[in-house]
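A.B. asks: You'll find upload-v1.cif just under this line, and it carries mmCIF, C-alpha atoms and all ligand atoms.
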```
data_query
#
loop_
_atom_site.label_atom_id
_atom_site.label_comp_id
_atom_site.auth_asym_id
_atom_site.auth_seq_id
_atom_site.Cartn_x
_atom_site.Cartn_y
_atom_site.Cartn_z
CA MET J 822 23.31 -7.32 -3.08
CA SER J 823 24.32 -9.10 -0.41
CA LYS J 824 26.32 -7.78 2.16
CA THR J 825 29.29 -9.55 2.96
CA LYS J 826 31.62 -8.13 5.32
CA PRO J 827 33.67 -6.44 2.78
CA THR J 828 30.65 -4.79 1.64
CA LYS J 829 30.36 -2.39 4.33
CA LYS J 830 29.44 1.03 3.38
CA LYS J 831 31.73 3.74 3.41
CA ALA J 832 30.93 7.12 4.32
CA ALA J 833 31.24 8.78 1.10
CA GLN J 834 30.04 12.08 1.44
CA GLY J 835 29.32 13.52 -1.50
CA LYS J 836 27.08 12.91 -4.07
CA ALA J 837 23.78 12.32 -3.33
CA LYS J 838 22.68 9.47 -5.07
CA PRO J 839 19.41 9.08 -5.95
CA ILE J 840 17.41 6.80 -4.34
CA ALA J 841 15.40 6.33 -7.18
CA SER J 842 12.69 4.11 -6.99
CA LYS J 843 12.38 3.27 -10.35
CA SER J 844 10.41 0.47 -10.22
CA LYS J 845 7.55 -1.36 -10.99
CA LYS J 846 4.22 -0.23 -10.47
CA SER J 847 3.35 -0.67 -7.06
CA ALA J 848 2.73 -4.19 -6.55
CA ALA J 849 0.82 -2.96 -3.73
CA ALA J 850 -1.84 -1.83 -5.92
CA LYS J 851 -3.68 -4.91 -5.33
CA LYS J 852 -5.73 -4.84 -2.44
CA PRO J 853 -6.36 -7.69 -0.24
CA ALA J 854 -4.14 -8.32 2.52
CA SER J 855 -5.17 -10.01 5.49
CA LYS J 856 -5.28 -8.74 8.85
CA PRO J 857 -3.25 -5.83 9.73
CA VAL J 858 -0.16 -6.07 11.60
CA PRO J 859 -0.77 -6.36 15.20
CA LYS J 860 -1.92 -3.01 15.99
CA LYS J 861 -0.85 -1.61 19.08
CA LYS J 862 -3.35 -0.38 21.33
CA VAL J 863 -1.55 2.60 22.34
CA LYS J 864 -4.10 4.96 23.34
CA SER J 865 -2.70 8.33 23.35
CA ALA J 866 -3.00 10.12 20.18
CA PRO J 867 -0.05 11.85 18.83
CA ALA J 868 0.05 15.35 19.86
CA LYS J 869 0.96 17.34 16.99
CA LYS J 870 0.12 20.62 18.30
CA SER J 871 3.57 21.73 18.79
CA LEU J 872 4.64 21.12 15.32
CA PRO J 873 3.60 23.44 12.63
CA LYS J 874 2.13 21.49 9.89
CA LYS J 875 2.99 21.97 6.47
CA PRO J 876 2.58 20.03 3.41
CA VAL J 877 5.46 18.30 1.99
CA LYS J 878 6.41 20.19 -0.92
CA LYS J 879 7.43 18.82 -4.00
CA ALA J 880 9.91 21.41 -4.56
CA SER J 881 12.50 20.83 -7.00
CA PRO J 882 15.34 18.97 -5.58
CA PRO J 883 17.79 21.16 -3.90
CA LYS J 884 21.19 20.56 -5.06
CA SER J 885 21.89 18.60 -2.05
CA ALA J 886 19.01 16.45 -2.63
CA PRO J 887 19.19 13.22 -4.36
CA LYS J 888 19.08 13.29 -8.00
CA LYS J 889 17.94 10.63 -10.11
CA LYS J 890 19.98 7.68 -9.64
CA ALA J 891 22.88 7.46 -11.80
CA PRO J 892 24.18 4.34 -13.11
CA ALA J 893 27.42 5.05 -11.68
CA SER J 894 29.63 2.68 -10.13
CA LYS J 895 31.84 4.46 -7.86
CA PRO J 896 31.17 4.67 -4.30
CA VAL J 897 30.69 8.28 -4.18
CA ALA J 898 28.09 8.22 -6.71
CA LYS J 899 26.21 5.74 -4.78
CA LYS J 900 25.61 7.55 -1.71
CA SER J 901 22.04 7.97 -1.08
CA ALA J 902 20.57 11.26 -0.55
CA VAL J 903 19.85 10.60 3.00
CA LYS J 904 23.23 9.54 3.93
CA ALA J 905 24.75 12.26 1.93
CA ALA J 906 22.54 14.70 3.59
CA LEU J 907 23.29 13.35 6.98
CA THR J 908 26.89 13.34 6.20
CA LYS J 909 27.21 16.76 4.96
CA ALA J 910 26.76 19.52 7.20
CA LYS J 911 25.33 21.70 4.68
CA SER J 912 21.70 22.14 4.64
CA PRO J 913 20.78 25.04 6.70
CA THR J 914 17.89 23.83 8.54
CA ALA J 915 16.24 27.05 8.68
CA LYS J 916 14.04 25.97 6.00
CA PRO J 917 12.13 22.86 5.79
CA ALA J 918 13.99 20.20 4.10
CA PRO J 919 12.53 19.95 0.76
CA VAL J 920 11.25 16.72 -0.31
CA PRO J 921 12.59 15.48 -3.53
CA ALA J 922 10.58 16.33 -6.46
CA LYS J 923 9.50 12.86 -6.88
CA PRO J 924 5.96 12.53 -7.64
CA THR J 925 4.80 11.65 -4.30
CA PRO J 926 1.50 10.17 -4.69
CA LYS J 927 0.65 9.61 -1.20
CA PRO J 928 -1.25 11.07 1.54
CA ILE J 929 1.42 11.00 4.03
CA ALA J 930 2.79 13.82 2.19
CA SER J 931 -0.43 15.46 2.17
CA ALA J 932 -1.45 17.94 4.58
CA LYS J 933 -0.09 16.57 7.69
CA THR J 934 3.51 16.65 7.10
CA THR J 935 5.13 18.85 9.57
CA THR J 936 8.33 20.57 9.46
CA GLN J 937 10.54 21.59 12.17
CA THR J 938 10.97 25.25 11.90
CA LYS J 939 13.20 26.06 14.68
CA PRO J 940 16.69 26.90 13.93
CA VAL J 941 18.87 24.02 14.32
CA ALA J 942 21.96 24.00 16.28
CA ALA J 943 25.23 22.87 15.01
CA PRO J 944 24.88 20.21 12.47
CA ALA J 945 27.74 18.31 13.81
CA PRO J 946 26.53 15.26 15.60
CA VAL J 947 24.61 13.65 12.91
CA ALA J 948 27.39 13.65 10.51
CA LYS J 949 29.87 12.79 13.09
CA VAL J 950 29.14 9.21 13.58
CA THR J 951 29.05 8.53 9.96
CA LYS J 952 32.37 10.03 9.36
CA ALA J 953 33.92 8.51 12.33
CA ALA J 954 33.08 5.11 11.17
CA PRO J 955 35.94 3.34 9.63
CA ALA J 956 35.62 2.98 5.99
CA PHE J 957 33.28 0.28 5.12
CA VAL J 958 33.40 0.35 1.47
CA THR J 959 30.37 -0.67 -0.23
CA ALA J 960 31.74 -2.28 -3.19
CA SER J 961 28.48 -3.82 -3.93
CA LYS J 962 26.56 -0.67 -4.13
CA THR J 963 26.32 -0.50 -7.75
CA ALA J 964 23.67 1.04 -9.69
CA PRO J 965 20.44 0.49 -8.05
CA ALA J 966 18.92 -2.45 -9.59
CA PRO J 967 15.59 -1.92 -10.98
CA VAL J 968 13.27 -3.51 -8.66
CA SER J 969 12.04 -5.70 -11.31
CA ALA J 970 15.40 -6.93 -12.17
CA ALA J 971 16.58 -9.87 -10.35
CA VAL J 972 19.66 -9.54 -8.40
CA LYS J 973 22.35 -11.00 -10.38
CA ALA J 974 24.88 -11.50 -7.77
CA PRO J 975 24.41 -14.51 -5.65
CA ILE J 976 23.12 -13.78 -2.28
CA THR J 977 25.95 -14.27 0.03
CA LYS J 978 25.73 -14.53 3.70
CA LYS J 979 26.37 -11.66 5.86
CA SER J 980 29.37 -12.20 7.92
CA PRO J 981 29.12 -11.60 11.56
CA ALA J 982 29.09 -7.93 12.05
CA GLN J 983 32.00 -6.35 13.66
CA SER J 984 31.36 -4.30 16.64
CA LEU J 985 32.45 -0.75 16.46
CA VAL J 986 33.32 1.67 19.11
CA ALA J 987 30.47 3.99 19.64
CA ALA J 988 30.85 7.68 19.42
CA GLY J 989 30.56 9.30 22.79
CA PRO J 990 27.47 10.60 24.43
CA THR J 991 25.93 13.88 23.46
CA LYS J 992 26.06 16.92 25.66
CA SER J 993 22.91 15.82 27.34
CA GLY J 994 24.47 12.48 28.07
CA ALA J 995 22.35 10.61 25.54
CA LEU J 996 23.94 7.46 24.26
CA PHE J 997 21.39 5.02 22.94
CA TYR J 998 19.10 4.60 19.96
CA ASP J 999 15.59 3.33 19.49
CA SER J 1000 16.08 1.26 16.37
CA HIS J 1001 12.56 0.38 15.31
CA MET J 1002 9.76 2.75 14.39
CA HIS J 1003 7.41 3.61 11.59
CA THR J 1004 5.92 6.35 9.46
CA PRO J 1005 2.38 6.80 8.18
CA LEU J 1006 3.46 5.38 4.86
CA CYS J 1007 2.83 1.89 6.16
CA LYS J 1008 -0.82 2.81 6.61
CA HIS J 1009 -1.00 1.65 10.21
CA ALA J 1010 1.26 4.12 11.97
CA TRP J 1011 0.42 7.67 12.98
CA GLY J 1012 2.37 10.86 13.37
CA GLU J 1013 5.11 12.60 11.53
CA PRO J 1014 8.72 11.55 11.93
CA GLU J 1015 9.45 14.80 13.71
CA GLU J 1016 6.97 13.87 16.41
CA TYR J 1017 8.75 10.59 16.96
CA ALA J 1018 12.00 12.51 17.12
CA GLN J 1019 10.65 14.88 19.69
CA GLN J 1020 9.58 11.99 21.87
CA ALA J 1021 13.02 10.42 21.49
CA VAL J 1022 14.68 13.55 22.80
CA LYS J 1023 12.36 13.47 25.78
CA ALA J 1024 13.17 9.84 26.36
CA GLY J 1025 16.87 10.61 26.59
CA LEU J 1026 17.89 8.92 23.37
CA LYS J 1027 20.80 9.92 21.22
CA GLY J 1028 19.15 8.83 18.04
CA ILE J 1029 16.40 6.92 16.32
CA ILE J 1030 16.27 4.75 13.26
CA PHE J 1031 13.16 4.65 11.15
CA THR J 1032 12.37 1.15 9.97
CA CYS J 1033 9.10 1.34 8.15
CA HIS J 1034 7.59 -1.65 6.41
CA CYS J 1035 9.20 -2.16 3.04
CA PRO J 1036 7.46 -2.44 -0.27
CA MET J 1037 6.98 -5.99 -1.45
CA PRO J 1038 6.43 -7.57 -4.83
CA ASN J 1039 3.35 -9.16 -6.21
CA GLY J 1040 0.89 -7.50 -3.94
CA PHE J 1041 2.21 -9.10 -0.81
CA TRP J 1042 0.09 -7.73 2.03
CA PRO J 1043 -0.08 -4.23 0.57
CA SER J 1044 -2.33 -2.74 3.21
CA VAL J 1045 0.40 -2.55 5.82
CA ARG J 1046 3.36 -1.23 3.89
CA MET J 1047 4.55 1.56 1.68
CA SER J 1048 4.09 0.98 -2.00
CA GLU J 1049 6.88 1.00 -4.51
CA SER J 1050 5.94 4.51 -5.53
CA GLU J 1051 6.21 5.70 -1.95
CA PHE J 1052 9.72 4.54 -1.37
CA ASP J 1053 11.32 7.84 -2.29
CA THR J 1054 8.83 9.68 -0.16
CA TYR J 1055 9.89 7.52 2.74
CA VAL J 1056 13.53 8.34 2.29
CA ALA J 1057 12.66 12.01 1.96
CA LEU J 1058 10.58 12.00 5.11
CA VAL J 1059 13.40 10.56 7.15
CA GLN J 1060 15.83 12.97 5.60
CA ARG J 1061 13.56 15.87 6.39
CA ALA J 1062 13.37 14.86 10.03
CA ALA J 1063 17.11 14.28 10.18
CA ASN J 1064 17.72 17.76 8.89
CA ALA J 1065 15.23 19.29 11.27
CA PHE J 1066 16.81 17.64 14.30
CA LYS J 1067 20.39 18.03 13.33
CA GLY J 1068 22.34 18.75 16.45
CA LYS J 1069 19.57 17.50 18.67
CA LEU J 1070 18.93 13.94 17.66
CA ASP J 1071 20.65 11.60 15.27
CA ILE J 1072 18.02 10.32 12.86
CA ARG J 1073 18.83 7.50 10.49
CA LEU J 1074 17.28 5.60 7.68
CA GLY J 1075 16.53 1.96 8.17
CA ILE J 1076 13.93 -0.44 6.84
CA GLU J 1077 11.84 -3.25 8.27
CA SER J 1078 12.44 -5.69 5.53
CA GLU J 1079 10.08 -8.59 5.09
CA TYR J 1080 11.42 -12.09 4.93
CA TYR J 1081 9.23 -14.39 2.94
CA PRO J 1082 10.60 -17.42 1.16
CA GLY J 1083 10.90 -16.72 -2.52
CA CYS J 1084 11.31 -12.97 -2.20
CA GLU J 1085 15.01 -12.96 -1.41
CA GLU J 1086 16.11 -11.46 -4.68
CA TYR J 1087 13.60 -8.69 -4.52
CA ILE J 1088 14.68 -7.92 -0.98
CA ALA J 1089 18.35 -8.00 -1.82
CA SER J 1090 17.70 -5.49 -4.56
CA LEU J 1091 15.58 -3.36 -2.28
CA HIS J 1092 18.45 -3.08 0.16
CA GLN J 1093 20.50 -1.44 -2.55
CA ARG J 1094 18.01 1.27 -3.22
CA ALA J 1095 19.17 3.51 -0.41
CA ASP J 1096 21.99 3.67 2.03
CA PHE J 1097 20.23 2.11 4.90
CA HIS J 1098 21.89 2.31 8.24
CA TYR J 1099 20.01 -0.66 9.54
CA VAL J 1100 18.11 -3.46 7.89
CA LEU J 1101 15.73 -5.20 10.19
CA GLY J 1102 14.48 -8.51 8.91
CA ALA J 1103 10.97 -9.52 9.83
CA VAL J 1104 8.89 -12.62 9.42
CA HIS J 1105 5.24 -11.64 9.66
CA TRP J 1106 3.06 -14.69 9.99
CA GLN J 1107 -0.06 -12.55 9.72
CA ALA J 1108 0.34 -12.05 6.00
CA LYS J 1109 -2.30 -13.84 4.03
CA GLU J 1110 0.35 -15.24 1.74
CA TYR J 1111 2.28 -16.56 4.71
CA LEU J 1112 -0.79 -18.14 6.24
CA ASN J 1113 -1.75 -19.76 2.98
CA LYS J 1114 1.64 -21.30 2.68
CA PHE J 1115 2.31 -22.40 6.22
CA GLU J 1116 -1.00 -22.77 7.95
CA THR J 1117 -1.44 -26.25 6.70
CA GLY J 1118 -1.13 -28.41 9.73
CA THR J 1119 -1.44 -28.05 13.43
CA ILE J 1120 -1.01 -24.89 15.38
CA GLU J 1121 2.25 -26.24 16.71
CA ASN J 1122 3.53 -26.98 13.29
CA PHE J 1123 2.69 -23.46 12.23
CA ARG J 1124 4.67 -22.14 15.17
CA ARG J 1125 7.60 -24.38 14.41
CA ALA J 1126 7.58 -23.27 10.81
CA TYR J 1127 7.81 -19.71 12.03
CA PHE J 1128 11.05 -20.35 13.87
CA GLU J 1129 12.41 -22.26 10.94
CA ASN J 1130 11.68 -19.29 8.72
CA LEU J 1131 13.31 -17.05 11.30
CA ALA J 1132 16.48 -19.11 11.04
CA LYS J 1133 16.27 -18.99 7.27
CA SER J 1134 15.96 -15.24 7.36
CA ALA J 1135 19.21 -15.05 9.33
CA GLU J 1136 20.92 -17.44 6.96
CA SER J 1137 19.81 -15.42 3.95
CA GLY J 1138 22.52 -12.93 4.84
CA LEU J 1139 20.15 -10.10 4.04
CA TYR J 1140 19.62 -8.63 7.46
CA ASP J 1141 21.44 -6.96 10.32
CA CYS J 1142 18.95 -8.04 12.92
CA LEU J 1143 15.78 -10.11 13.27
CA ALA J 1144 12.69 -8.28 14.47
CA HIS J 1145 10.36 -9.45 17.23
CA PRO J 1146 11.68 -13.02 17.00
CA ASP J 1147 8.80 -14.80 18.70
CA LEU J 1148 5.99 -12.83 17.11
CA VAL J 1149 4.20 -16.07 16.38
CA LYS J 1150 3.15 -16.33 20.00
CA ASN J 1151 0.35 -13.98 19.03
CA TYR J 1152 -1.03 -16.69 16.77
CA HIS J 1153 -3.58 -18.41 18.98
CA PRO J 1154 -2.05 -16.65 21.97
CA ASP J 1155 -4.28 -18.41 24.42
CA SER J 1156 -2.58 -21.69 23.77
CA TRP J 1157 0.95 -20.40 23.41
CA CYS J 1158 3.35 -22.57 25.35
CA PHE J 1159 7.04 -21.99 24.96
CA ALA J 1160 7.98 -25.42 26.25
CA ILE J 1161 6.28 -27.09 23.31
CA VAL J 1162 8.36 -25.23 20.76
CA LYS J 1163 11.52 -25.02 22.79
CA ASN J 1164 13.36 -27.67 20.83
CA THR J 1165 12.54 -25.93 17.60
CA VAL J 1166 13.62 -22.61 19.05
CA THR J 1167 16.85 -24.14 20.24
CA THR J 1168 17.70 -25.34 16.78
CA ALA J 1169 16.71 -22.04 15.24
CA LEU J 1170 18.83 -20.06 17.69
CA ASP J 1171 21.83 -22.28 17.07
CA ARG J 1172 21.49 -21.55 13.37
CA ILE J 1173 20.97 -17.85 13.94
CA ALA J 1174 23.91 -17.58 16.32
CA ALA J 1175 26.12 -19.12 13.67
CA THR J 1176 25.31 -16.29 11.27
CA GLY J 1177 26.32 -13.49 13.59
CA VAL J 1178 23.05 -11.68 12.97
CA ALA J 1179 21.63 -9.71 15.87
CA MET J 1180 18.15 -10.18 17.28
CA GLU J 1181 15.72 -7.65 18.56
CA LEU J 1182 14.17 -7.20 21.97
CA ASN J 1183 10.96 -5.53 20.89
CA THR J 1184 9.09 -3.70 23.61
CA SER J 1185 5.86 -3.39 21.66
CA GLY J 1186 5.07 -6.99 22.45
CA LEU J 1187 3.59 -5.72 25.67
CA ASN J 1188 0.81 -4.19 23.61
CA LYS J 1189 0.03 -7.27 21.58
CA SER J 1190 -2.44 -10.02 22.25
CA TYR J 1191 0.17 -12.14 23.99
CA SER J 1192 1.32 -9.35 26.23
CA GLU J 1193 5.01 -9.81 26.65
CA MET J 1194 8.02 -8.37 24.93
CA ASN J 1195 9.29 -10.19 21.87
CA PRO J 1196 11.01 -12.38 22.66
CA GLY J 1197 9.91 -13.47 26.11
CA ILE J 1198 12.38 -13.94 28.90
CA GLU J 1199 13.00 -17.63 28.37
CA MET J 1200 13.93 -17.28 24.74
CA LEU J 1201 15.92 -14.18 25.62
CA ARG J 1202 17.96 -16.24 28.04
CA MET J 1203 18.66 -18.81 25.34
CA MET J 1204 19.83 -15.99 23.10
CA ALA J 1205 22.12 -14.74 25.84
CA GLU J 1206 23.64 -18.19 26.23
CA ARG J 1207 24.50 -18.08 22.55
CA LYS J 1208 25.80 -14.55 22.81
CA ILE J 1209 23.51 -13.33 20.10
CA PRO J 1210 23.77 -9.52 19.92
CA ILE J 1211 20.67 -7.62 20.96
CA VAL J 1212 19.15 -4.47 19.55
CA VAL J 1213 16.29 -2.86 21.44
CA GLY J 1214 13.39 -1.37 19.52
CA SER J 1215 10.04 0.07 20.49
CA ASP J 1216 8.45 -0.73 17.12
CA SER J 1217 6.55 2.51 17.54
CA HIS J 1218 3.59 3.09 15.29
CA ARG J 1219 2.76 6.19 17.30
CA ALA J 1220 5.19 8.82 18.46
CA VAL J 1221 4.35 8.46 22.10
CA ARG J 1222 5.84 4.98 22.16
CA VAL J 1223 9.37 5.91 21.17
CA GLY J 1224 11.77 4.63 23.80
CA GLU J 1225 8.94 3.02 25.70
CA HIS J 1226 9.84 0.32 28.23
CA PHE J 1227 13.53 0.61 27.44
CA VAL J 1228 14.58 0.52 31.06
CA THR J 1229 12.57 -2.63 31.62
CA ALA J 1230 14.01 -4.15 28.47
CA LEU J 1231 17.56 -3.36 29.53
CA ASN J 1232 16.95 -4.77 32.97
CA ASN J 1233 15.58 -7.93 31.41
CA LEU J 1234 18.71 -8.23 29.35
CA THR J 1235 20.85 -7.93 32.43
CA GLU J 1236 18.72 -10.49 34.17
CA VAL J 1237 19.36 -13.12 31.55
CA GLY J 1238 23.06 -12.48 31.40
CA TYR J 1239 23.67 -9.76 28.86
CA GLU J 1240 26.18 -7.06 29.64
CA LYS J 1241 25.98 -5.28 26.32
CA VAL J 1242 23.30 -4.04 24.03
CA SER J 1243 23.70 -2.86 20.46
CA TYR J 1244 22.45 -0.69 17.64
CA PHE J 1245 23.55 -0.31 14.05
CA LEU J 1246 24.87 2.61 12.05
CA ASN J 1247 26.16 2.20 8.54
CA ARG J 1248 25.02 -1.38 8.94
CA GLN J 1249 27.77 -1.96 11.45
CA ARG J 1250 26.97 -3.09 14.93
CA ILE J 1251 27.90 -0.87 17.81
CA ASP J 1252 27.91 -2.33 21.31
CA LEU J 1253 27.38 -0.41 24.51
CA LYS J 1254 27.48 -1.49 28.11
CA ILE J 1255 23.96 -1.83 29.40
CA SER J 1256 24.90 -0.08 32.60
CA ASP J 1257 26.10 2.91 30.61
CA VAL J 1258 22.92 2.98 28.58
CA LEU J 1259 20.72 2.86 31.64
CA ALA J 1260 22.62 5.72 33.20
CA SER J 1261 22.46 7.72 29.99
CA LEU J 1262 18.72 7.37 29.61
CA LYS J 1263 18.14 8.85 33.01
CA LYS J 1264 20.67 11.57 32.68
CA ALA J 1265 19.62 12.67 29.23
CA ALA J 1266 15.94 12.49 30.01
CA ASP J 1267 16.45 14.68 33.03
CA HIS J 1268 18.60 17.04 31.05
CA ASN J 1269 16.03 17.38 28.32
CA ALA J 1270 13.06 17.55 30.58
ZN ZN H 1 3.79 -2.40 11.65
ZN ZN H 2 7.99 -2.63 12.98
#
```
Using the file provided, produce a representation of the structure as structure tokens.
C.D. replies:
Amino acid sequence: MSKTKPTKKKAAQGKAKPIASKSKKSAAAKKPASKPVPKKKVKSAPAKKSLPKKPVKKASPPKSAPKKKAPASKPVAKKSAVKAALTKAKSPTAKPAPVPAKPTPKPIASAKTTTQTKPVAAPAPVAKVTKAAPAFVTASKTAPAPVSAAVKAPITKKSPAQSLVAAGPTKSGALFYDSHMHTPLCKHAWGEPEEYAQQAVKAGLKGIIFTCHCPMPNGFWPSVRMSESEFDTYVALVQRAANAFKGKLDIRLGIESEYYPGCEEYIASLHQRADFHYVLGAVHWQAKEYLNKFETGTIENFRRAYFENLAKSAESGLYDCLAHPDLVKNYHPDSWCFAIVKNTVTTALDRIAATGVAMELNTSGLNKSYSEMNPGIEMLRMMAERKIPIVVGSDSHRAVRVGEHFVTALNNLTEVGYEKVSYFLNRQRIDLKISDVLASLKKAADHNA
């Protein structure tokens, strides 16, 4: 469950724990779903030419791969395959990282999966950060709760994350991470993880964190997320990319985890199914279920309810950071007026600041109907006044967007008073000076050009 401070994960390296997705039949099976998540209008199509495509194979799990989840209780046993894989230097990347034998039903796996074939350099970096991190024991990581099972432990609040000292820059000078991006498993993103990784290297990033849309119970907006049965495939995809880019880019497993009142236990359990490095909470007002529940009064009331739910998501203690925190401005964007909801936002930010949870500056907002980053500058300034930590994410649904508008985002942060920007590894916040990040992006991009 919940992650309280003491619950921090430790870098146990060994056993790969299965990220088994035991679970219930995909709730997603049911169809409906309302409108798709705001699709970005990024035009350029992913160029996959450079990557040799190859189908994900359902090879039998290599020993290093995650085995079925064991009921175990000790930390070591709990390590997820991904983290274990990232942690250990082993896997020779010469060969494509095999995808766990899991019956991977989905298309993503199908033909398009690509695999990095080039020999990988020293495996060091990826594992490095993990190991360097002080021991954050995950006492709570007990046997993965069956999705269907309710979380027994009470959901406790996440204590304000401690800021860690970041590992140094890479040889290229790269220092920062893009902490929000997707995979085709969510059905509205395009391109293989390796393509996103390649773009990240070009953008001068040190690493990327995949945060695809999580499965949800009871058929909650299934058309824009991975199904229960695809969860293991997701973990395997990220692991495959991490292996392929070892030594070149630090690739981590995260999740964009839906916040919807009533689903807290499911979500808490979900967060135990893998060793996520970053859990990004998201309130998506576009979900039919959300609209049915909250679109009951005026437009303004709907907007206010959004910010109230945002505050509740922070107070749930389930998340490291809150995604695109003013996404609701795309609801009737023509009449969006920050001043009208400012009091509500003020209250919400006071509540959020009290939890210690970080908030995201999402650059994809520029591609949405209300064309402006999420949040806009005024709300961002209010966040700065409350010293709410900021994580920058591109929310890429296409590889070409990785790292997009980061310089502008960082400059905006400076403009409103921020001196630091953050990212998460091992679910621990790491702060960097914005000036250092800006310099690193240029230097690394030039180096990798
Ligand atoms: Zn999306
Ligand atoms: Zn997203």
A.B. asks: One decimal, Å: what's the distance from CA of Ser1190 in chain J over to CA of Val1149 in chain J, could you say?
C.D. replies: 10.7 Å
A.B. asks: Using only C-alpha atoms, I'd like a table of the residues in range 1097-1192 of chain J that come within 12 Å of range 1250-1267 of chain J; for each, show the closest atom pair and its distance in Å rounded to one decimal, ordered by chain and ascending number, as CSV.
C.D. replies:
```
residue,atom,partner,partner_atom,distance
J:His1098,CA,J:Arg1250,CA,10.0
J:Tyr1099,CA,J:Arg1250,CA,9.1
J:Val1100,CA,J:Arg1250,CA,11.3
J:Tyr1140,CA,J:Arg1250,CA,11.9
J:Asp1141,CA,J:Arg1250,CA,8.2
J:Cys1142,CA,J:Arg1250,CA,9.6
J:Gly1177,CA,J:Arg1250,CA,10.5
J:Val1178,CA,J:Arg1250,CA,9.6
J:Ala1179,CA,J:Arg1250,CA,8.6
J:Met1180,CA,J:Arg1250,CA,11.6
```
A.B. asks: Would you name the residues within 9 Å of ligand ZN 2 (chain H), counting only C-alpha atoms and all ligand atoms, and put them as a compact mmCIF listing (two decimals) with C-alpha atoms, in the frame of the given file?
C.D. replies:
```txt
# COMPACT_ATOMS: atom_id res chain seq x y z
CA VAL J 858 -0.16 -6.07 11.60
CA HIS J 1001 12.56 0.38 15.31
CA MET J 1002 9.76 2.75 14.39
CA HIS J 1003 7.41 3.61 11.59
CA THR J 1032 12.37 1.15 9.97
CA CYS J 1033 9.10 1.34 8.15
CA HIS J 1034 7.59 -1.65 6.41
CA ILE J 1076 13.93 -0.44 6.84
CA GLU J 1077 11.84 -3.25 8.27
CA LEU J 1101 15.73 -5.20 10.19
CA ALA J 1103 10.97 -9.52 9.83
CA ALA J 1144 12.69 -8.28 14.47
CA HIS J 1145 10.36 -9.45 17.23
CA ASN J 1183 10.96 -5.53 20.89
CA SER J 1185 5.86 -3.39 21.66
CA GLY J 1214 13.39 -1.37 19.52
CA SER J 1215 10.04 0.07 20.49
CA ASP J 1216 8.45 -0.73 17.12
CA SER J 1217 6.55 2.51 17.54
CA HIS J 1218 3.59 3.09 15.29
```
A.B. asks: So that I can check the surroundings of Gly1238 in chain J, please list as a list of chain:residue names every protein, DNA and RNA residue that reaches within 9 Å of it, counting all atoms listed in the file and ignoring chain neighbours fewer than 3 positions away.
C.D. replies: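 After dropping sequence-adjacent residues, the list is J:Arg1202, J:Ala1205, J:Glu1206, J:Asn1233, J:Leu1234, J:Thr1235.
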A.B. asks: Rounded to one decimal in Å, what is the spacing between CA of Thr1176 in chain J and CA of Leu1131 in chain J?
C.D. replies: 12.0 Å
A.B. asks: Starting from 3 Å padding per side, set up an axis-aligned box that covers all listed atoms of range 1191-1207 of chain J and hand over centre and edge lengths in Å, one decimal, as AutoDock Vina command-line options.
C.D. replies:
```
--center_x 12.3 --center_y -13.6 --center_z 25.4 --size_x 30.3 --size_y 16.4 --size_z 13.0
```
A.B. asks: Given only C-alpha atoms as the basis, pick out the residue of J:Val1104, J:Leu1139, J:Ala988, J:Leu1058 nearest to Ala1126 in chain J.
C.D. replies: J:Val1104
A.B. asks: Counting all atoms listed in the file, what is within 9 Å of Gln1019 in chain J, bar same-chain residues fewer than 3 positions away, as a list in words?
C.D. replies: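 Once the nearby chain positions are removed, what remains is Pro1014, Glu1015, Glu1016, Val1022, Lys1023, Ala1024, Phe1066, Leu1070 and Ala1220 of chain J.
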A.B. asks: Which is closest to ligand ZN 1 (chain H) among J:Pro1005, J:Gly1118, J:Pro1038, J:Gly1197, if we use all atoms listed in the file?
C.D. replies: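 Smallest separation from ligand ZN 1 (chain H) among the options: J:Pro1005.
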A.B. asks: Kindly provide, as number ranges by chain, the polymer residues lying within 12 Å of (10.8, 1.1, 27.2), counting all atoms listed in the file and using the coordinates exactly as they appear in the file.
C.D. replies: J: 998-999, 1021, 1024-1026, 1182-1188, 1194, 1213-1217, 1221-1233, 1259, 1262
A.B. asks: Fewer than 6 positions away in the same chain doesn't count, so skip those; otherwise give me all residues within 7 Å of range 1146-1148 of chain J, counting only C-alpha atoms, as a VMD selection string.
C.D. replies: chain J and resid 1181 1195 to 1196
A.B. asks: Give me, as a JSON list (two decimals) with C-alpha atoms, in the coordinates of the input, all polymer residues having an atom no more than 12 Å from Ile1161 in chain J, counting only C-alpha atoms and skipping those fewer than 5 positions away in the same chain.
C.D. replies:
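What landed in result_19.json:
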```json
[["chain", "number", "residue", "atom", "x", "y", "z"],
["J", 1120, "ILE", "CA", -1.01, -24.89, 15.38],
["J", 1121, "GLU", "CA", 2.25, -26.24, 16.71],
["J", 1122, "ASN", "CA", 3.53, -26.98, 13.29],
["J", 1124, "ARG", "CA", 4.67, -22.14, 15.17],
["J", 1125, "ARG", "CA", 7.60, -24.38, 14.41],
["J", 1150, "LYS", "CA", 3.15, -16.33, 20.00],
["J", 1156, "SER", "CA", -2.58, -21.69, 23.77],
["J", 1166, "VAL", "CA", 13.62, -22.61, 19.05],
["J", 1167, "THR", "CA", 16.85, -24.14, 20.24]]
```
A.B. asks: Work out how far CA of Ala1135 in chain J is from CA of Ala1169 in chain J, in Å to one decimal.
C.D. replies: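 Value for the CA of Ala1169 in chain J-CA of Ala1135 in chain J distance: 9.5 Å.
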